[in-house]
$ cat model_21.cif   # mmCIF, C-alpha atoms
data_final
loop_
_atom_site.label_atom_id
_atom_site.label_comp_id
_atom_site.auth_asym_id
_atom_site.auth_seq_id
_atom_site.Cartn_x
_atom_site.Cartn_y
_atom_site.Cartn_z
CA MET A 155 70.28 113.67 64.42
CA VAL A 156 70.75 114.09 68.20
CA SER A 157 73.98 115.84 69.22
CA ILE A 158 75.68 114.02 72.13
CA ALA A 159 78.05 116.05 74.26
CA VAL A 160 81.75 115.19 74.57
CA ASN A 161 84.16 115.99 77.37
CA LYS A 162 86.52 118.91 77.00
CA SER A 163 89.90 117.39 76.26
CA ARG A 164 93.36 118.40 77.46
CA GLN A 165 96.73 117.61 75.98
CA ASN A 166 99.27 118.40 78.67
CA VAL A 167 99.36 116.36 81.89
CA ALA A 168 102.01 115.72 84.54
CA MET A 169 102.69 114.24 87.95
CA LEU A 170 102.07 117.09 90.37
CA GLY A 171 102.99 115.45 93.66
CA ILE A 172 104.28 112.21 95.15
CA GLY A 173 103.96 110.36 98.45
CA ALA A 174 104.92 106.99 99.86
CA TYR A 175 104.64 104.69 102.84
CA ARG A 176 107.28 102.19 103.93
CA PRO A 177 106.31 99.59 106.57
CA GLN A 178 107.97 99.91 109.96
CA ARG A 179 109.58 96.48 110.04
CA VAL A 180 113.00 96.23 108.36
CA VAL A 181 114.01 92.66 107.46
CA SER A 182 117.68 91.98 106.77
CA ASN A 183 119.16 89.27 104.59
CA ALA A 184 120.39 87.58 107.73
CA GLU A 185 116.82 87.36 109.05
CA VAL A 186 115.56 85.99 105.72
CA CYS A 187 118.27 83.33 105.82
CA GLU A 188 116.99 82.06 109.16
CA GLN A 189 114.38 80.19 107.12
CA LEU A 190 115.86 80.29 103.63
CA ASP A 191 118.70 78.03 102.52
CA SER A 192 120.98 80.86 101.43
CA THR A 193 123.50 83.43 102.71
CA PRO A 194 123.27 87.23 103.00
CA ASP A 195 126.22 87.72 100.65
CA TRP A 196 124.70 85.44 97.99
CA ILE A 197 121.44 87.42 98.09
CA VAL A 198 123.30 90.71 97.59
CA GLU A 199 125.35 89.24 94.75
CA ARG A 200 122.34 87.88 92.88
CA THR A 201 119.78 90.65 93.53
CA GLY A 202 121.42 93.73 95.04
CA ILE A 203 119.07 93.53 98.04
CA GLN A 204 120.35 94.05 101.59
CA ASN A 205 117.07 94.76 103.41
CA ARG A 206 113.36 94.93 102.70
CA ARG A 207 110.23 96.14 104.50
CA TRP A 208 107.48 93.79 105.68
CA ILE A 209 104.12 94.77 107.11
CA SER A 210 103.60 94.07 110.80
CA GLY A 211 101.24 94.98 113.61
CA ASP A 212 98.15 96.78 112.29
CA GLU A 213 99.66 97.58 108.88
CA THR A 214 97.58 96.26 105.96
CA LEU A 215 97.39 96.87 102.24
CA ARG A 216 94.44 99.15 102.92
CA SER A 217 96.27 101.22 105.52
CA ILE A 218 99.52 101.64 103.59
CA SER A 219 97.64 102.53 100.38
CA ALA A 220 95.73 105.26 102.20
CA ALA A 221 98.90 106.51 103.92
CA ALA A 222 100.77 106.86 100.61
CA GLY A 223 97.80 108.51 98.93
CA ASP A 224 97.38 110.94 101.81
CA ARG A 225 101.02 111.99 101.62
CA ALA A 226 100.82 112.49 97.85
CA LEU A 227 97.78 114.73 98.31
CA ARG A 228 99.45 116.71 101.10
CA ASN A 229 102.58 117.13 98.98
CA THR A 230 100.57 119.08 96.40
CA ASP A 231 98.41 122.18 96.66
CA ILE A 232 95.47 120.38 95.03
CA GLU A 233 92.30 120.39 97.12
CA ARG A 234 90.85 116.94 97.67
CA ASN A 235 87.49 117.84 96.20
CA LYS A 236 89.23 118.28 92.85
CA ILE A 237 90.36 114.64 92.66
CA GLY A 238 88.16 113.08 90.01
CA ALA A 239 89.26 109.42 90.17
CA LEU A 240 91.44 107.00 92.12
CA ILE A 241 93.34 104.08 90.57
CA LEU A 242 94.73 101.44 92.93
CA CYS A 243 97.46 99.46 91.16
CA THR A 244 97.93 96.21 93.06
CA SER A 245 98.04 92.44 92.82
CA SER A 246 97.79 91.94 96.59
CA TRP A 247 94.22 92.94 97.45
CA LEU A 248 92.74 89.76 98.84
CA LYS A 249 89.16 90.22 97.69
CA LEU A 250 87.69 90.37 94.22
CA THR A 251 84.52 91.83 95.72
CA PRO A 252 84.61 94.48 97.00
CA HIS A 253 87.70 95.66 95.22
CA GLY A 254 90.08 97.88 97.15
CA ALA A 255 90.01 101.31 95.54
CA PRO A 256 86.56 102.49 96.77
CA THR A 257 87.50 101.67 100.37
CA VAL A 258 90.84 103.45 100.07
CA ALA A 259 89.09 106.45 98.49
CA ALA A 260 86.68 106.61 101.43
CA ASP A 261 89.59 106.40 103.88
CA LEU A 262 91.11 109.44 102.12
CA GLY A 263 87.92 111.50 102.34
CA LEU A 264 87.21 110.96 98.65
CA ASN A 265 84.10 108.80 98.96
CA GLY A 266 81.91 108.93 95.87
CA ILE A 267 84.55 109.39 93.18
CA PRO A 268 85.24 106.76 90.51
CA ALA A 269 87.70 104.31 92.07
CA PHE A 270 88.95 101.05 90.62
CA ASP A 271 91.71 98.48 90.98
CA LEU A 272 94.20 97.83 88.20
CA THR A 273 96.07 94.53 88.27
CA SER A 274 99.09 94.17 86.02
CA GLY A 275 101.78 92.81 88.29
CA CYS A 276 105.02 94.74 88.59
CA GLY A 277 104.08 96.83 85.56
CA GLY A 278 100.91 97.99 87.31
CA PHE A 279 102.04 101.51 88.17
CA GLY A 280 103.03 102.20 84.56
CA TYR A 281 99.62 100.99 83.42
CA GLY A 282 97.90 103.12 86.04
CA LEU A 283 99.89 106.21 85.14
CA GLY A 284 99.03 105.74 81.46
CA VAL A 285 95.33 105.29 82.18
CA ALA A 286 95.29 108.32 84.49
CA ALA A 287 96.97 110.54 81.90
CA ASP A 288 94.53 109.43 79.22
CA LEU A 289 91.52 109.98 81.53
CA ILE A 290 92.61 113.57 82.00
CA ARG A 291 93.46 114.07 78.34
CA ALA A 292 89.98 112.80 77.43
CA GLY A 293 88.32 115.14 79.92
CA SER A 294 86.97 112.32 82.09
CA ALA A 295 88.66 113.70 85.22
CA ASP A 296 90.54 116.84 86.20
CA TYR A 297 92.93 115.18 88.64
CA VAL A 298 93.61 111.48 89.31
CA LEU A 299 95.29 109.87 92.30
CA VAL A 300 97.33 106.82 91.26
CA ILE A 301 98.44 104.48 94.05
CA GLY A 302 100.81 101.55 93.58
CA ALA A 303 100.66 99.36 96.67
CA GLU A 304 101.58 95.79 97.53
CA THR A 305 101.83 93.49 100.52
CA MET A 306 103.77 90.84 98.66
CA THR A 307 104.77 89.03 101.86
CA VAL A 308 101.18 87.96 102.52
CA GLY A 309 101.67 85.51 99.64
CA LEU A 310 105.30 84.65 100.29
CA ASP A 311 106.78 81.26 101.09
CA PRO A 312 109.81 82.07 103.29
CA THR A 313 111.53 78.84 102.21
CA ASP A 314 111.27 79.44 98.43
CA ARG A 315 114.70 80.38 97.03
CA GLY A 316 113.07 81.93 93.96
CA THR A 317 111.02 84.56 95.78
CA ALA A 318 111.57 84.74 99.55
CA MET A 319 114.66 86.92 99.35
CA ILE A 320 113.24 89.28 96.72
CA PHE A 321 109.88 90.69 97.74
CA GLY A 322 108.87 93.39 100.18
CA ASP A 323 105.87 95.55 101.03
CA GLY A 324 105.16 99.23 100.48
CA ALA A 325 103.06 101.87 98.74
CA GLY A 326 103.70 104.91 96.56
CA ALA A 327 101.30 107.40 95.02
CA VAL A 328 101.21 110.33 92.61
CA VAL A 329 98.69 113.03 91.84
CA VAL A 330 98.26 113.44 88.08
CA GLY A 331 96.70 116.55 86.59
CA PRO A 332 96.79 119.17 83.83
CA SER A 333 99.96 121.19 83.35
CA GLU A 334 101.33 123.95 81.14
CA GLU A 335 103.89 121.61 79.58
CA ASN A 336 103.30 117.92 78.96
CA GLY A 337 105.02 115.77 81.56
CA ILE A 338 103.85 112.24 80.69
CA SER A 339 104.56 110.70 77.30
CA PRO A 340 102.33 108.16 75.55
CA THR A 341 102.63 104.80 77.29
CA VAL A 342 104.53 101.97 75.65
CA TRP A 343 103.04 98.75 76.99
CA GLY A 344 102.47 95.13 76.12
CA SER A 345 102.23 91.57 77.40
CA ASP A 346 103.32 88.01 76.63
CA GLY A 347 100.63 85.58 77.71
CA GLU A 348 102.51 82.66 76.18
CA ASN A 349 105.02 83.00 79.01
CA ALA A 350 102.61 84.22 81.68
CA GLU A 351 103.02 81.15 83.91
CA ALA A 352 106.66 82.08 84.55
CA ILE A 353 105.33 84.16 87.46
CA ALA A 354 102.27 82.64 89.07
CA GLN A 355 100.55 81.75 92.32
CA ASP A 356 100.74 78.10 93.25
CA VAL A 357 97.15 77.47 94.37
CA ASP A 358 93.74 78.27 92.95
CA PHE A 359 92.44 81.60 94.21
CA LEU A 360 88.97 80.30 95.00
CA ALA A 361 90.41 77.61 97.27
CA TYR A 362 92.47 80.27 98.99
CA MET A 363 89.65 82.73 99.58
CA GLU A 364 88.32 81.05 102.72
CA ARG A 365 91.67 81.74 104.41
CA ALA A 366 92.42 85.10 102.84
CA GLN A 367 90.68 87.24 105.42
CA THR A 368 92.76 85.82 108.26
CA LEU A 369 96.04 86.58 106.47
CA GLN A 370 95.57 90.29 105.76
CA GLY A 371 97.91 92.14 108.06
CA THR A 372 99.55 89.14 109.73
CA ASP A 373 103.23 88.62 110.24
CA PRO A 374 104.52 86.95 107.02
CA GLU A 375 106.74 84.56 109.02
CA THR A 376 103.85 82.97 110.87
CA GLU A 377 101.46 82.13 108.06
CA ALA A 378 103.53 80.10 105.61
CA VAL A 379 101.72 76.77 105.83
CA GLY A 380 98.81 76.40 103.43
CA ARG A 381 98.97 79.93 102.09
CA MET A 382 98.81 81.06 98.50
CA SER A 383 102.45 81.49 97.47
CA LEU A 384 103.96 83.21 94.48
CA ARG A 385 106.36 81.16 92.36
CA MET A 386 108.74 82.52 89.76
CA GLU A 387 110.89 80.86 87.11
CA GLY A 388 113.79 83.27 87.37
CA PRO A 389 115.84 82.16 84.32
CA ARG A 390 112.74 82.16 82.10
CA VAL A 391 111.80 85.68 83.24
CA PHE A 392 115.38 86.85 82.77
CA ARG A 393 115.45 85.59 79.17
CA TRP A 394 112.13 87.29 78.43
CA ALA A 395 113.38 90.53 79.96
CA ALA A 396 116.62 90.44 77.98
CA VAL A 397 114.71 90.33 74.69
CA THR A 398 111.63 92.43 75.48
CA LEU A 399 112.77 95.27 77.70
CA PRO A 400 115.47 96.87 75.49
CA ARG A 401 112.90 97.11 72.71
CA ALA A 402 110.32 98.57 75.11
CA LEU A 403 112.79 101.20 76.33
CA ALA A 404 113.72 102.19 72.79
CA ASN A 405 110.04 102.43 71.85
CA ALA A 406 109.32 104.58 74.90
CA LEU A 407 111.98 107.04 73.81
CA GLU A 408 110.70 107.06 70.24
CA MET A 409 107.08 107.60 71.30
CA SER A 410 108.09 110.42 73.64
CA GLY A 411 110.08 112.36 71.08
CA VAL A 412 112.92 112.55 73.61
CA SER A 413 116.41 111.31 72.79
CA LYS A 414 118.43 109.15 75.15
CA GLU A 415 120.87 112.05 75.51
CA GLU A 416 118.03 114.12 77.00
CA ILE A 417 117.18 111.56 79.69
CA GLU A 418 118.39 112.83 83.08
CA VAL A 419 117.14 110.05 85.39
CA PHE A 420 116.42 106.34 84.87
CA VAL A 421 113.77 104.72 87.10
CA PRO A 422 113.30 101.04 86.22
CA HIS A 423 111.19 98.62 88.22
CA GLN A 424 113.18 97.43 91.22
CA ALA A 425 113.22 93.74 90.36
CA ASN A 426 116.91 93.00 90.26
CA ALA A 427 119.90 95.34 90.39
CA ARG A 428 121.78 93.28 87.78
CA ILE A 429 118.91 93.51 85.27
CA ASN A 430 118.70 97.27 85.78
CA GLU A 431 122.42 97.81 85.23
CA LEU A 432 122.21 95.70 82.07
CA MET A 433 119.24 97.71 80.75
CA LYS A 434 121.02 101.01 81.37
CA LYS A 435 124.14 99.76 79.56
CA ASN A 436 122.26 98.26 76.60
CA LEU A 437 120.21 101.43 76.15
CA GLY A 438 123.42 103.44 75.96
CA LEU A 439 122.57 105.83 78.78
CA ALA A 440 125.52 107.82 80.12
CA ASP A 441 127.31 106.29 83.12
CA ASP A 442 126.71 109.39 85.23
CA ILE A 443 122.91 109.39 84.78
CA PRO A 444 121.31 108.65 88.18
CA MET A 445 119.49 105.33 88.26
CA ALA A 446 117.03 104.27 90.94
CA ASN A 447 118.47 101.71 93.33
CA ASP A 448 115.77 101.60 95.99
CA ILE A 449 115.89 97.82 95.79
CA VAL A 450 118.88 97.80 98.18
CA ASN A 451 116.76 98.54 101.23
CA THR A 452 113.20 98.08 99.93
CA GLY A 453 113.33 94.93 97.82
CA ASN A 454 110.92 94.24 94.97
CA THR A 455 107.56 95.78 95.85
CA SER A 456 105.90 95.00 92.50
CA ALA A 457 103.44 97.77 91.49
CA ALA A 458 104.73 99.99 94.30
CA SER A 459 108.37 99.90 93.27
CA ILE A 460 108.52 102.74 90.73
CA PRO A 461 106.72 105.38 92.83
CA LEU A 462 108.72 104.29 95.88
CA ALA A 463 111.96 104.55 93.89
CA MET A 464 111.01 107.98 92.52
CA GLU A 465 110.17 109.21 96.00
CA GLU A 466 113.48 107.97 97.40
CA MET A 467 115.50 109.68 94.66
CA LEU A 468 113.62 112.96 95.06
CA ALA A 469 113.74 112.94 98.86
CA THR A 470 117.50 112.27 98.97
CA GLY A 471 118.41 114.70 96.18
CA LYS A 472 119.60 112.01 93.77
CA ALA A 473 117.02 113.45 91.38
CA LYS A 474 115.21 116.77 91.23
CA GLY A 475 111.68 117.75 90.41
CA GLY A 476 111.38 118.89 86.80
CA GLN A 477 114.04 116.51 85.48
CA THR A 478 113.25 114.21 82.56
CA ALA A 479 113.05 110.55 83.58
CA LEU A 480 112.58 107.25 81.80
CA LEU A 481 110.31 104.79 83.63
CA LEU A 482 109.80 101.10 82.93
CA GLY A 483 107.84 98.52 84.92
CA PHE A 484 107.76 94.82 84.07
CA GLY A 485 106.79 91.48 85.56
CA ALA A 486 103.79 89.18 85.94
CA GLY A 487 101.72 88.74 82.85
CA LEU A 488 104.39 88.81 81.50
CA SER A 489 103.71 92.49 80.95
CA TYR A 490 105.47 95.83 80.82
CA ALA A 491 104.71 99.55 80.68
CA GLY A 492 106.99 102.54 80.27
CA GLN A 493 106.89 106.31 79.85
CA VAL A 494 109.13 109.33 79.67
CA VAL A 495 108.02 111.76 82.39
CA THR A 496 108.84 115.00 84.10
CA LEU A 497 109.55 114.20 87.74
CA PRO A 498 107.21 115.78 90.32
CA PRO A 499 108.53 118.09 93.04
CA ALA A 500 110.43 116.51 95.92
CA PRO A 501 108.09 115.49 98.74
CA ALA A 502 107.78 117.94 101.62
CA GLU A 503 106.82 114.93 103.74
CA PRO A 504 109.01 111.96 102.73
CA SER A 505 108.39 108.38 103.84
CA PHE A 506 111.66 108.14 105.78
CA ASP A 507 114.08 110.34 107.69
CA VAL A 508 116.38 112.09 105.24
#
$ encode --input "model_21.cif" --output "structure tokens"
Amino acid sequence: MVSIAVNKSRQNVAMLGIGAYRPQRVVSNAEVCEQLDSTPDWIVERTGIQNRRWISGDETLRSISAAAGDRALRNTDIERNKIGALILCTSSWLKLTPHGAPTVAADLGLNGIPAFDLTSGCGGFGYGLGVAADLIRAGSADYVLVIGAETMTVGLDPTDRGTAMIFGDGAGAVVVGPSEENGISPTVWGSDGENAEAIAQDVDFLAYMERAQTLQGTDPETEAVGRMSLRMEGPRVFRWAAVTLPRALANALEMSGVSKEEIEVFVPHQANARINELMKKNLGLADDIPMANDIVNTGNTSAASIPLAMEEMLATGKAKGGQTALLLGFGAGLSYAGQVVTLPPAPAEPSFDV
């Protein structure tokens, strides 16, 4: 019988570096309310958001993905020729063909490596991190660059009270590779297709494609008419989250072998500050455990929100590299993904002035 070779496997993997990009344009609640029937105070009360970032000028999903990936690579001592794969976690890339990751890889000087898009809504980064860790554990790559990036405002109706005040744009990235001690637990993930339409676009993608090219990189305020817009049934999503997420968090701890008393940092998806406070309380985490609150000035950036939130905590000293953190992303699908991780070192080149 022919003997077929297998890859050399590894057990211990970790995030070795982090980088991010935040668009230049800061949009306040007051500016959102110029088109939305709401008030700045009501938005803060319901979501915790005060400001968010929107792409403008020559910023595109492609450019911000490459910028975040470049910073993550520069914030490690890993040579680029050692990166064995790139995963672009996004729901905002406007083409099915070609998909975005190969182009972003080429922009980063990584042309030729395996590069693919991963679409799983706001849980996308958790999915990408899990896939990257398993690729390395299986010996399919030595190092993997995982980028979570979204330009949510390209598909945003500025008059929709369910979404206009929530979403923003941005990109975050991590370099994943082998380590002496394991720094990424098995992923706890799942989906609920029976409730998937609770977060959905409001027009058929094929009908939208003929206009998609003209929207990439435009000012979100000026392209509202006729665009593909994201709609969300907030109460339905909230009910799903209240039942599903506490169980997911408990399972993540169980799978990791880490107790809740050993968790030093909590980094949930930045969907809603009220939901995050409720999750922290229901899980029984100590009151003094730092919890990501990047949503205040970044909004909900979907698949980009967890790496952006990690980067903000590390850059400002709210968390430190080497601490044990609980991550959980959740959203469209309805899907979720969570891990217990060791935080990477603080970025030498953060995405904002500290």
$ atom_distance --input "model_21.cif" --atom1 "CA of Asp323 (chain A)" --atom2 "CA of Pro252 (chain A)"
21.7 Å
$ closest_residue --input "model_21.cif" --among "A:Leu242, A:Leu462, A:Val391, A:Ile237" --to "Asn265 (chain A)" --atoms "all atoms listed in the file"
A:Ile237
$ atom_distance --input "model_21.cif" --atom1 "CA of Ala174 (chain A)" --atom2 "CA of Asp195 (chain A)"
28.7 Å
$ resolve_selection --input "model_21.cif" --expression "the PyMOL selection byres ((chain A and resi 201) around 9)" --output "PyMOL selection string"
chain A and resi 196-200+202-204+319-320+425-429+449-450+453
$ residues_around --input "model_21.cif" --residues "Gly277 (chain A)" --least-positions-apart "4" --cutoff "7 Å" --atoms "all atoms listed in the file" --output "ChimeraX atom specification"
/A:281,457,483-485,489-491
$ write_last_selection --input "model_21.cif" --atoms "C-alpha atoms" --output "CSV table (one decimal), in the frame of the given file"
chain,number,residue,atom,x,y,z
A,281,TYR,CA,99.6,101.0,83.4
A,457,ALA,CA,103.4,97.8,91.5
A,483,GLY,CA,107.8,98.5,84.9
A,484,PHE,CA,107.8,94.8,84.1
A,485,GLY,CA,106.8,91.5,85.6
A,489,SER,CA,103.7,92.5,81.0
A,490,TYR,CA,105.5,95.8,80.8
A,491,ALA,CA,104.7,99.6,80.7
$ resolve_selection --input "model_21.cif" --expression "the PyMOL selection byres ((chain A and resi 286-289) around 8)" --output "list in words"
Val167, Ala168, Ile241, Gly282, Leu283, Gly284, Val285, Ile290, Arg291, Ala292, Gly293, Ser294, Ala295, Val298, Leu299, Val300, Val330, Gly331 and Ile338 of chain A
$ closest_residue --input "model_21.cif" --among "A:Gly211, A:Gly278, A:Pro177, A:Gly238" --to "Thr305 (chain A)" --atoms "only C-alpha atoms"
A:Pro177
$ closest_residue --input "model_21.cif" --among "A:Gly266, A:Thr478, A:Pro501, A:Gly487" --to "Glu466 (chain A)" --atoms "only C-alpha atoms"
A:Pro501
